[in-house]
file coords.pdb (PDB, C-alpha atoms)
MODEL        1
ATOM      1  CA  MET A   1      -8.148 -68.121  -9.627
ATOM      2  CA  ALA A   2      -6.266 -64.864  -9.119
ATOM      3  CA  THR A   3      -8.232 -61.902  -7.857
ATOM      4  CA  SER A   4      -7.160 -58.376  -8.708
ATOM      5  CA  VAL A   5      -6.209 -56.041  -5.841
ATOM      6  CA  PRO A   6      -7.995 -52.708  -6.165
ATOM      7  CA  ASP A   7      -5.967 -49.521  -6.404
ATOM      8  CA  ILE A   8      -5.813 -47.745  -3.003
ATOM      9  CA  ALA A   9      -7.029 -44.479  -4.575
ATOM     10  CA  THR A  10     -10.181 -46.240  -5.795
ATOM     11  CA  VAL A  11     -10.762 -47.764  -2.352
ATOM     12  CA  ILE A  12     -10.294 -44.348  -0.707
ATOM     13  CA  GLU A  13     -12.782 -42.734  -3.092
ATOM     14  CA  GLU A  14     -15.333 -45.454  -2.385
ATOM     15  CA  LEU A  15     -14.868 -45.008   1.378
ATOM     16  CA  SER A  16     -15.091 -41.232   0.969
ATOM     17  CA  GLY A  17     -18.477 -41.507  -0.699
ATOM     18  CA  ARG A  18     -19.759 -43.233   2.425
ATOM     19  CA  PHE A  19     -17.883 -41.468   5.226
ATOM     20  CA  LEU A  20     -16.361 -38.109   4.193
ATOM     21  CA  GLY A  21     -18.145 -35.266   5.970
ATOM     22  CA  ARG A  22     -19.721 -37.619   8.541
ATOM     23  CA  PHE A  23     -18.581 -38.371  12.114
ATOM     24  CA  GLY A  24     -16.161 -35.420  11.945
ATOM     25  CA  ILE A  25     -14.209 -37.053   9.107
ATOM     26  CA  VAL A  26     -12.473 -34.332   7.065
ATOM     27  CA  ALA A  27     -10.098 -36.418   4.946
ATOM     28  CA  ILE A  28      -9.201 -39.969   3.942
ATOM     29  CA  SER A  29      -5.701 -40.679   2.747
ATOM     30  CA  ASP A  30      -3.222 -43.274   1.651
ATOM     31  CA  ALA A  31      -0.091 -43.639   3.781
ATOM     32  CA  ASP A  32       2.991 -45.774   4.216
ATOM     33  CA  GLU A  33       3.410 -47.659   7.485
ATOM     34  CA  ASN A  34       6.670 -49.584   7.628
ATOM     35  CA  GLY A  35       6.567 -50.157   3.906
ATOM     36  CA  ARG A  36       2.919 -51.240   3.900
ATOM     37  CA  GLU A  37       0.145 -49.191   2.259
ATOM     38  CA  ILE A  38      -2.604 -48.273   4.708
ATOM     39  CA  ILE A  39      -5.563 -45.900   4.794
ATOM     40  CA  GLU A  40      -5.626 -43.008   7.258
ATOM     41  CA  VAL A  41      -8.864 -41.307   8.224
ATOM     42  CA  PHE A  42      -8.486 -37.752   9.558
ATOM     43  CA  VAL A  43     -11.047 -36.596  12.093
ATOM     44  CA  ALA A  44     -11.521 -33.035  13.378
ATOM     45  CA  GLY A  45     -12.329 -33.364  17.065
ATOM     46  CA  ASP A  46     -13.293 -36.473  18.999
ATOM     47  CA  THR A  47     -12.477 -39.668  17.109
ATOM     48  CA  ALA A  48     -14.728 -42.055  19.090
ATOM     49  CA  GLU A  49     -17.736 -41.927  16.736
ATOM     50  CA  ALA A  50     -15.557 -42.354  13.646
ATOM     51  CA  VAL A  51     -13.700 -45.299  15.190
ATOM     52  CA  GLU A  52     -17.040 -46.970  15.984
ATOM     53  CA  SER A  53     -18.488 -46.344  12.540
ATOM     54  CA  LEU A  54     -15.570 -47.194  10.263
ATOM     55  CA  PRO A  55     -14.552 -50.696   9.232
ATOM     56  CA  ARG A  56     -11.165 -51.945  10.474
ATOM     57  CA  SER A  57     -10.013 -52.477   6.916
ATOM     58  CA  ALA A  58     -11.173 -52.033   3.333
ATOM     59  CA  ALA A  59     -10.165 -54.244   0.399
ATOM     60  CA  GLY A  60      -7.282 -55.526   2.502
ATOM     61  CA  PHE A  61      -5.968 -52.077   3.461
ATOM     62  CA  LEU A  62      -5.752 -51.463   7.227
ATOM     63  CA  ILE A  63      -7.677 -48.344   8.314
ATOM     64  CA  LYS A  64      -6.271 -46.085  11.039
ATOM     65  CA  VAL A  65      -7.957 -43.022  12.507
ATOM     66  CA  ARG A  66      -5.947 -39.832  13.129
ATOM     67  CA  ARG A  67      -7.069 -36.773  15.028
ATOM     68  CA  GLY A  68      -6.494 -33.416  13.323
ATOM     69  CA  GLY A  69      -8.120 -30.103  12.603
ATOM     70  CA  ARG A  70     -10.336 -28.744   9.868
ATOM     71  CA  ILE A  71      -8.770 -28.431   6.444
ATOM     72  CA  VAL A  72      -9.172 -24.914   5.080
ATOM     73  CA  PRO A  73      -8.244 -23.116   1.846
ATOM     74  CA  HIS A  74      -4.876 -21.429   2.274
ATOM     75  CA  ALA A  75      -5.754 -17.897   1.151
ATOM     76  CA  GLY A  76      -4.610 -15.256   3.607
ATOM     77  CA  SER A  77      -6.327 -12.172   4.946
TER      78      SER A  77
ATOM     79  CA  MET B   1      20.176  20.874   0.293
ATOM     80  CA  GLY B   2      19.160  21.155  -3.340
ATOM     81  CA  ALA B   3      15.680  20.525  -4.706
ATOM     82  CA  VAL B   4      14.689  16.949  -5.427
ATOM     83  CA  SER B   5      13.422  16.308  -8.915
ATOM     84  CA  ILE B   6      11.610  13.264 -10.202
ATOM     85  CA  VAL B   7      13.069  11.790 -13.340
ATOM     86  CA  HIS B   8      10.999   9.327 -15.373
ATOM     87  CA  CYS B   9      13.169   6.344 -16.226
ATOM     88  CA  ARG B  10      12.780   5.080 -19.747
ATOM     89  CA  GLY B  11      12.383   1.345 -19.989
ATOM     90  CA  PHE B  12      11.552   0.699 -16.323
ATOM     91  CA  ARG B  13       9.430  -2.443 -15.999
ATOM     92  CA  PRO B  14       8.139  -3.779 -12.685
ATOM     93  CA  TYR B  15       8.738  -7.394 -11.789
ATOM     94  CA  LEU B  16       6.126 -10.056 -11.153
ATOM     95  CA  ALA B  17       7.772 -12.749  -9.069
ATOM     96  CA  MET B  18       6.943 -16.416  -8.643
ATOM     97  CA  GLY B  19       5.996 -16.735  -4.971
ATOM     98  CA  GLU B  20       4.810 -13.175  -4.413
ATOM     99  CA  SER B  21       1.331 -12.258  -3.213
ATOM    100  CA  GLY B  22      -1.495 -11.931  -5.708
ATOM    101  CA  ALA B  23      -5.278 -11.940  -5.850
ATOM    102  CA  HIS B  24      -8.425 -11.173  -7.813
ATOM    103  CA  TYR B  25      -9.132  -7.460  -7.300
ATOM    104  CA  ALA B  26     -12.343  -8.157  -5.343
ATOM    105  CA  LEU B  27     -10.539 -10.510  -2.951
ATOM    106  CA  ALA B  28      -7.729  -7.980  -2.572
ATOM    107  CA  LYS B  29     -10.261  -5.271  -1.624
ATOM    108  CA  THR B  30     -11.192  -7.359   1.418
ATOM    109  CA  GLY B  31      -7.556  -7.863   2.362
ATOM    110  CA  GLY B  32      -7.431 -11.426   1.005
ATOM    111  CA  PHE B  33      -4.512 -12.740  -0.955
ATOM    112  CA  GLY B  34      -2.750 -15.870  -2.136
ATOM    113  CA  THR B  35       0.361 -16.588  -4.119
ATOM    114  CA  VAL B  36       1.406 -16.095  -7.725
ATOM    115  CA  GLY B  37       2.516 -19.714  -8.020
ATOM    116  CA  GLY B  38       4.563 -19.387 -11.146
ATOM    117  CA  PHE B  39       4.367 -19.137 -14.914
ATOM    118  CA  ALA B  40       3.178 -21.601 -17.525
ATOM    119  CA  ALA B  41       2.788 -21.689 -21.299
ATOM    120  CA  ASP B  42      -0.795 -21.468 -22.529
ATOM    121  CA  LEU B  43      -1.502 -24.316 -24.944
ATOM    122  CA  GLN B  44      -4.433 -22.328 -26.373
ATOM    123  CA  SER B  45      -2.424 -19.208 -27.249
ATOM    124  CA  SER B  46       1.145 -17.957 -27.306
ATOM    125  CA  LEU B  47       0.891 -16.335 -23.874
ATOM    126  CA  LEU B  48       2.915 -17.061 -20.779
ATOM    127  CA  LEU B  49       0.387 -17.149 -17.910
ATOM    128  CA  ALA B  50       0.448 -16.654 -14.144
ATOM    129  CA  VAL B  51      -0.802 -19.711 -12.247
ATOM    130  CA  SER B  52      -2.697 -19.791  -8.946
ATOM    131  CA  ASN B  53      -5.877 -21.128  -7.315
ATOM    132  CA  ASN B  54      -9.479 -20.437  -8.302
ATOM    133  CA  HIS B  55     -10.149 -19.159  -4.762
ATOM    134  CA  VAL B  56      -7.275 -16.653  -5.172
ATOM    135  CA  PHE B  57      -7.481 -15.317  -8.764
ATOM    136  CA  ALA B  58     -11.137 -16.202  -9.539
ATOM    137  CA  ASN B  59     -12.695 -15.419  -6.159
ATOM    138  CA  ASP B  60     -14.441 -18.835  -5.772
ATOM    139  CA  ASN B  61     -15.955 -18.923  -9.313
ATOM    140  CA  ASN B  62     -17.094 -15.317  -8.851
ATOM    141  CA  ALA B  63     -15.093 -13.755 -11.669
ATOM    142  CA  ASN B  64     -15.076 -12.999 -15.394
ATOM    143  CA  ALA B  65     -12.386 -13.101 -18.053
ATOM    144  CA  ASN B  66     -10.080 -10.073 -17.898
ATOM    145  CA  ASP B  67     -11.047  -9.171 -14.337
ATOM    146  CA  PRO B  68      -8.014  -7.354 -12.885
ATOM    147  CA  LEU B  69      -5.439  -9.358 -10.947
ATOM    148  CA  VAL B  70      -3.281  -7.516  -8.457
ATOM    149  CA  CYS B  71       0.014  -8.088  -6.676
ATOM    150  CA  ALA B  72       1.572  -6.080  -3.860
ATOM    151  CA  ALA B  73       2.681  -3.345  -6.267
ATOM    152  CA  GLY B  74      -0.711  -3.011  -7.965
ATOM    153  CA  PRO B  75      -2.474  -4.487 -11.006
ATOM    154  CA  PHE B  76      -0.373  -6.894 -13.039
ATOM    155  CA  GLY B  77      -2.809  -8.512 -15.446
ATOM    156  CA  GLY B  78      -6.192 -10.156 -15.817
ATOM    157  CA  LEU B  79      -8.052 -13.412 -15.525
ATOM    158  CA  VAL B  80      -7.852 -15.796 -18.490
ATOM    159  CA  ARG B  81      -9.754 -18.891 -17.307
ATOM    160  CA  TYR B  82     -10.372 -21.050 -14.270
ATOM    161  CA  HIS B  83     -11.450 -24.594 -13.568
ATOM    162  CA  PRO B  84     -14.847 -24.224 -11.853
ATOM    163  CA  LEU B  85     -15.137 -25.365  -8.248
ATOM    164  CA  GLN B  86     -18.073 -27.766  -8.069
ATOM    165  CA  MET B  87     -20.449 -28.026  -5.159
ATOM    166  CA  LEU B  88     -21.587 -31.250  -3.501
ATOM    167  CA  PRO B  89     -22.270 -33.960  -4.472
ATOM    168  CA  ALA B  90     -19.631 -33.369  -7.169
ATOM    169  CA  VAL B  91     -15.994 -34.096  -6.372
ATOM    170  CA  ASN B  92     -13.242 -31.667  -7.385
ATOM    171  CA  ASP B  93      -9.888 -32.466  -8.964
ATOM    172  CA  LEU B  94      -8.466 -28.951  -9.072
ATOM    173  CA  ASP B  95      -8.618 -25.497  -7.514
ATOM    174  CA  GLY B  96      -6.797 -23.779 -10.352
ATOM    175  CA  VAL B  97      -6.710 -20.670 -12.506
ATOM    176  CA  VAL B  98      -4.506 -18.817 -14.986
ATOM    177  CA  GLY B  99      -4.153 -15.124 -15.690
ATOM    178  CA  TRP B 100      -2.451 -12.996 -18.322
ATOM    179  CA  ILE B 101       0.405 -10.688 -17.404
ATOM    180  CA  SER B 102       0.670  -7.150 -18.736
ATOM    181  CA  GLU B 103       3.508  -6.423 -21.133
ATOM    182  CA  ALA B 104       4.755  -3.852 -18.634
ATOM    183  CA  HIS B 105       5.809  -6.625 -16.245
ATOM    184  CA  ARG B 106       8.906  -8.758 -16.273
ATOM    185  CA  MET B 107       8.611 -12.224 -14.813
ATOM    186  CA  THR B 108      11.133 -13.516 -12.344
ATOM    187  CA  ALA B 109      11.504 -16.690 -10.308
ATOM    188  CA  PRO B 110      13.835 -17.812  -7.517
ATOM    189  CA  VAL B 111      14.540 -21.030  -9.427
ATOM    190  CA  PRO B 112      14.051 -22.058 -13.060
ATOM    191  CA  VAL B 113      11.025 -24.343 -13.320
ATOM    192  CA  ASN B 114      12.015 -27.533 -15.086
ATOM    193  CA  GLY B 115       9.032 -29.411 -16.501
ATOM    194  CA  THR B 116       6.731 -31.645 -14.466
ATOM    195  CA  ARG B 117       6.758 -35.019 -12.735
ATOM    196  CA  PRO B 118       4.124 -37.123 -10.991
ATOM    197  CA  ALA B 119       4.312 -37.113  -7.201
ATOM    198  CA  THR B 120       5.126 -40.262  -5.264
ATOM    199  CA  ARG B 121       5.012 -40.900  -1.542
ATOM    200  CA  GLY B 122       8.340 -39.956   0.023
ATOM    201  CA  LEU B 123       9.227 -37.369  -2.630
ATOM    202  CA  ARG B 124      11.104 -34.385  -1.185
ATOM    203  CA  VAL B 125       9.536 -31.095  -2.241
ATOM    204  CA  LYS B 126       9.710 -27.320  -1.758
ATOM    205  CA  LYS B 127       7.627 -24.270  -2.446
ATOM    206  CA  PHE B 128       7.876 -20.480  -2.513
ATOM    207  CA  GLY B 129       4.808 -18.918  -0.897
ATOM    208  CA  ALA B 130       3.741 -15.333  -0.286
ATOM    209  CA  ALA B 131       3.104 -15.920   3.421
ATOM    210  CA  SER B 132       5.732 -18.429   4.585
ATOM    211  CA  GLY B 133       8.324 -18.042   1.832
ATOM    212  CA  TYR B 134      10.605 -20.965   1.056
ATOM    213  CA  THR B 135       9.767 -24.210   2.845
ATOM    214  CA  THR B 136      10.586 -27.862   2.293
ATOM    215  CA  GLY B 137       8.619 -31.003   2.960
ATOM    216  CA  VAL B 138       7.809 -34.561   1.971
ATOM    217  CA  VAL B 139       4.860 -35.972   0.016
ATOM    218  CA  ALA B 140       3.109 -38.238   2.539
ATOM    219  CA  ALA B 141       0.134 -39.233   0.359
ATOM    220  CA  THR B 142      -0.967 -38.997  -3.259
ATOM    221  CA  ALA B 143      -4.599 -40.144  -3.085
ATOM    222  CA  MET B 144      -6.146 -38.049  -0.321
ATOM    223  CA  THR B 145      -9.779 -37.037  -0.390
ATOM    224  CA  ALA B 146     -10.893 -34.074   1.697
ATOM    225  CA  SER B 147     -13.937 -32.052   2.661
ATOM    226  CA  ILE B 148     -12.998 -28.368   2.730
ATOM    227  CA  PRO B 149     -15.151 -25.370   3.722
ATOM    228  CA  TYR B 150     -14.978 -22.542   1.160
ATOM    229  CA  ASP B 151     -16.199 -19.109   2.246
ATOM    230  CA  LYS B 152     -18.568 -18.518  -0.655
ATOM    231  CA  LEU B 153     -19.365 -22.086  -1.743
ATOM    232  CA  GLY B 154     -19.725 -24.161   1.425
ATOM    233  CA  ASN B 155     -18.077 -27.558   1.882
ATOM    234  CA  LEU B 156     -16.405 -28.893  -1.254
ATOM    235  CA  ASN B 157     -15.014 -32.382  -1.744
ATOM    236  CA  PHE B 158     -11.651 -33.020  -3.410
ATOM    237  CA  ARG B 159      -9.978 -36.246  -4.501
ATOM    238  CA  ARG B 160      -6.501 -37.479  -5.432
ATOM    239  CA  CYS B 161      -4.811 -34.709  -3.463
ATOM    240  CA  LEU B 162      -1.190 -34.713  -2.378
ATOM    241  CA  ARG B 163      -0.660 -34.477   1.389
ATOM    242  CA  ILE B 164       2.592 -32.744   2.225
ATOM    243  CA  GLU B 165       4.266 -32.690   5.626
ATOM    244  CA  GLY B 166       6.627 -29.785   6.315
ATOM    245  CA  ASN B 167      10.179 -30.569   7.410
ATOM    246  CA  GLN B 168      10.387 -27.696   9.898
ATOM    247  CA  GLY B 169       6.923 -26.478  10.790
ATOM    248  CA  PRO B 170       4.046 -26.204   8.325
ATOM    249  CA  PHE B 171       4.791 -26.602   4.618
ATOM    250  CA  SER B 172       2.269 -23.843   3.919
ATOM    251  CA  VAL B 173       0.119 -21.348   5.839
ATOM    252  CA  PRO B 174      -2.814 -19.092   4.864
ATOM    253  CA  GLY B 175      -1.594 -16.810   2.075
ATOM    254  CA  ASP B 176       0.435 -19.547   0.381
ATOM    255  CA  SER B 177      -2.491 -20.816  -1.726
ATOM    256  CA  GLY B 178      -1.410 -21.094  -5.334
ATOM    257  CA  SER B 179       2.242 -21.909  -4.604
ATOM    258  CA  LEU B 180       3.702 -24.460  -6.985
ATOM    259  CA  VAL B 181       5.165 -27.561  -5.360
ATOM    260  CA  LEU B 182       8.560 -28.400  -6.882
ATOM    261  CA  ASP B 183      10.863 -31.388  -6.555
ATOM    262  CA  SER B 184      14.625 -31.139  -5.984
ATOM    263  CA  ARG B 185      15.197 -30.596  -9.727
ATOM    264  CA  ASN B 186      12.527 -27.873  -9.866
ATOM    265  CA  ALA B 187       9.970 -29.978 -11.715
ATOM    266  CA  VAL B 188       6.384 -29.045 -10.828
ATOM    267  CA  VAL B 189       4.527 -31.784  -8.937
ATOM    268  CA  GLY B 190       1.465 -29.871  -7.726
ATOM    269  CA  ILE B 191      -0.161 -26.661  -6.533
ATOM    270  CA  ILE B 192      -0.939 -25.841  -2.876
ATOM    271  CA  PHE B 193      -4.567 -24.975  -2.128
ATOM    272  CA  ALA B 194      -5.373 -25.890   1.483
ATOM    273  CA  GLY B 195      -3.997 -27.051   4.799
ATOM    274  CA  ASP B 196      -4.880 -28.524   8.158
ATOM    275  CA  GLU B 197      -5.561 -25.898  10.820
ATOM    276  CA  THR B 198      -3.803 -27.742  13.635
ATOM    277  CA  SER B 199      -1.342 -30.400  12.574
ATOM    278  CA  GLY B 200       0.328 -28.493   9.799
ATOM    279  CA  TYR B 201       0.062 -30.680   6.736
ATOM    280  CA  SER B 202      -0.757 -29.113   3.384
ATOM    281  CA  LEU B 203      -2.900 -30.239   0.474
ATOM    282  CA  ALA B 204      -1.965 -29.821  -3.166
ATOM    283  CA  ASN B 205      -3.648 -30.763  -6.402
ATOM    284  CA  PRO B 206      -1.400 -32.913  -8.588
ATOM    285  CA  VAL B 207       0.313 -31.349 -11.571
ATOM    286  CA  GLU B 208      -1.510 -33.699 -13.969
ATOM    287  CA  ALA B 209      -4.821 -32.051 -12.996
ATOM    288  CA  LEU B 210      -3.291 -28.572 -13.139
ATOM    289  CA  THR B 211      -1.871 -28.894 -16.642
ATOM    290  CA  GLY B 212      -4.628 -31.112 -18.048
ATOM    291  CA  LEU B 213      -7.636 -29.167 -16.834
ATOM    292  CA  LEU B 214      -6.191 -25.712 -17.536
ATOM    293  CA  ASN B 215      -4.458 -26.699 -20.793
ATOM    294  CA  ILE B 216      -1.071 -25.332 -19.827
ATOM    295  CA  ALA B 217       2.508 -26.615 -19.813
ATOM    296  CA  PHE B 218       5.568 -25.900 -17.649
TER     297      PHE B 218
ENDMDL
END

call {"tool": "encode", "arguments": {"input": "coords.pdb", "output": "structure tokens"}}
result
Amino acid sequence: MATSVPDIATVIEELSGRFLGRFGIVAISDADENGREIIEVFVAGDTAEAVESLPRSAAGFLIKVRRGGRIVPHAGS
Amino acid sequence: MGAVSIVHCRGFRPYLAMGESGAHYALAKTGGFGTVGGFAADLQSSLLLAVSNNHVFANDNNANANDPLVCAAGPFGGLVRYHPLQMLPAVNDLDGVVGWISEAHRMTAPVPVNGTRPATRGLRVKKFGAASGYTTGVVAATAMTASIPYDKLGNLNFRRCLRIEGNQGPFSVPGDSGSLVLDSRNAVVGIIFAGDETSGYSLANPVEALTGLLNIAF
């Protein structure tokens, strides 16, 4: 019996409900890696706690952790 | 040298340019600004409206209809409506707003905006921002969620954002909020509202949210 593959945006939103704002995670994103869809998790600061806490994959999409900064509104002053 | 006299020119109308700086008057008083992203038809009236972010023209939900909007040369119009930014646990789809433009102003744009198109990963894009001017980049993601600290509202969550990588340095910097993201044929694909502090990628809301939630058309 065929099983339907969930849309990556839906998987990202489900992951975000559990992880966004925790362990320094500021964003979760789709990405292309050599033609394959993966999930990237952006962490502000040390990534060790996020790497330990996150699953290796979700719904068949590989999860990779990337270090970055905070994301801020782009108004100037 | 003879005396200098001031002659009032009949018919002089200041310009309001796509990509120039603009802000809600209260934000401008504190030195804050963003970008007049561009112009869109209001589907609820016959007006042509200026488009930007809630946090630029509506001061993080802290604004009323007809509040003055200002550009570098002074007031240019007033607030029409904004999509409210929602606090946790809600998730936001748009940081967007539209304002009316006074009849005294003429609108101008560096390129003619040519409809809309949905973003896809790998799409080459550009923008005209008040802080960094013309930049180009590539859409790296179309389904990004993000937790973003807003000055007056605390951390807000967003979903289905576009992540844009600049081709030469950041695609946008503080002051570029509200810039429309255009493809190579000048179709609108999104609106810039945030960016990463260190690695230089930018976040935009997709054009479907911008037009659908504000009831406008390009």

call {"tool": "interface_residues", "arguments": {"input": "coords.pdb", "of": "chain A", "to": "chain B", "cutoff": "12 Å", "atoms": "only C-alpha atoms", "output": "ChimeraX atom specification"}}
result
/A:7-22,24-33,35-45,66-77

call {"tool": "atom_distance", "arguments": {"input": "coords.pdb", "atom1": "atom CA of B:Ala40", "atom2": "atom CA of B:Asn61"}}
result
21.0 Å

call {"tool": "resolve_selection", "arguments": {"input": "coords.pdb", "expression": "the PyMOL selection byres ((chain B and resi 65) around 8)", "output": "VMD selection string"}}
result
chain B and resid 63 to 64 66 to 67 78 to 81

call {"tool": "write_last_selection", "arguments": {"input": "coords.pdb", "atoms": "C-alpha atoms", "output": "PDB file, in the coordinates of the input"}}
result
ATOM      1  CA  ALA B  63     -15.093 -13.755 -11.669  1.00  0.00           C
ATOM      2  CA  ASN B  64     -15.076 -12.999 -15.394  1.00  0.00           C
ATOM      3  CA  ASN B  66     -10.080 -10.073 -17.898  1.00  0.00           C
ATOM      4  CA  ASP B  67     -11.047  -9.171 -14.337  1.00  0.00           C
ATOM      5  CA  GLY B  78      -6.192 -10.156 -15.817  1.00  0.00           C
ATOM      6  CA  LEU B  79      -8.052 -13.412 -15.525  1.00  0.00           C
ATOM      7  CA  VAL B  80      -7.852 -15.796 -18.490  1.00  0.00           C
ATOM      8  CA  ARG B  81      -9.754 -18.891 -17.307  1.00  0.00           C
TER       9      ARG B  81
END

call {"tool": "atom_distance", "arguments": {"input": "coords.pdb", "atom1": "atom CA of B:Pro118", "atom2": "atom CA of B:Glu20"}}
result
24.8 Å

call {"tool": "resolve_selection", "arguments": {"input": "coords.pdb", "expression": "the PyMOL selection byres ((chain B and resi 187) around 8)", "output": "list in words"}}
result
Val113, Asn114, Gly115, Thr116, Arg117, Leu182, Asp183, Ser184, Arg185, Asn186, Val188 and Val189 of chain B

call {"tool": "atom_distance", "arguments": {"input": "coords.pdb", "atom1": "atom CA of B:Gly129", "atom2": "atom CA of B:Ser46"}}
result
26.7 Å

call {"tool": "closest_residue", "arguments": {"input": "coords.pdb", "among": "B:Met107, B:Gly99, B:Pro206, B:Phe171", "to": "B:Ser132", "atoms": "all atoms listed in the file"}}
result
B:Phe171

call {"tool": "axis_aligned_box", "arguments": {"input": "coords.pdb", "around": "stretch 65-68 of chain B", "padding_each_side": "6 Å", "output": "lines of an AutoDock Vina configuration file"}}
result
center_x = -10.2
center_y = -10.2
center_z = -15.5
size_x = 16.4
size_y = 17.7
size_z = 17.2

call {"tool": "resolve_selection", "arguments": {"input": "coords.pdb", "expression": "the PyMOL selection byres ((chain B and resi 108) around 12)", "output": "PyMOL selection string"}}
result
chain B and resi 13-20+36-39+50+105-107+109-113

call {"tool": "decode", "arguments": {"input": "coords.pdb", "residues": "stretch 51-64 of chain A", "atoms": "C-alpha atoms", "output": "PDB file, in the first residue's frame"}}
result
ATOM      1  CA  VAL A  51      22.350  18.556  17.992  1.00  0.00           C
ATOM      2  CA  GLU A  52      21.720  16.358  21.049  1.00  0.00           C
ATOM      3  CA  SER A  53      18.032  17.207  21.243  1.00  0.00           C
ATOM      4  CA  LEU A  54      16.969  17.056  17.601  1.00  0.00           C
ATOM      5  CA  PRO A  55      16.169  13.884  15.690  1.00  0.00           C
ATOM      6  CA  ARG A  56      18.508  12.964  12.815  1.00  0.00           C
ATOM      7  CA  SER A  57      15.616  13.044  10.385  1.00  0.00           C
ATOM      8  CA  ALA A  58      11.898  13.772  10.235  1.00  0.00           C
ATOM      9  CA  ALA A  59       9.420  12.104   7.870  1.00  0.00           C
ATOM     10  CA  GLY A  60      12.363  10.975   5.762  1.00  0.00           C
ATOM     11  CA  PHE A  61      13.969  14.424   5.502  1.00  0.00           C
ATOM     12  CA  LEU A  62      17.572  14.585   6.768  1.00  0.00           C
ATOM     13  CA  ILE A  63      18.058  17.250   9.466  1.00  0.00           C
ATOM     14  CA  LYS A  64      21.253  19.321   9.550  1.00  0.00           C
TER      15      LYS A  64
END
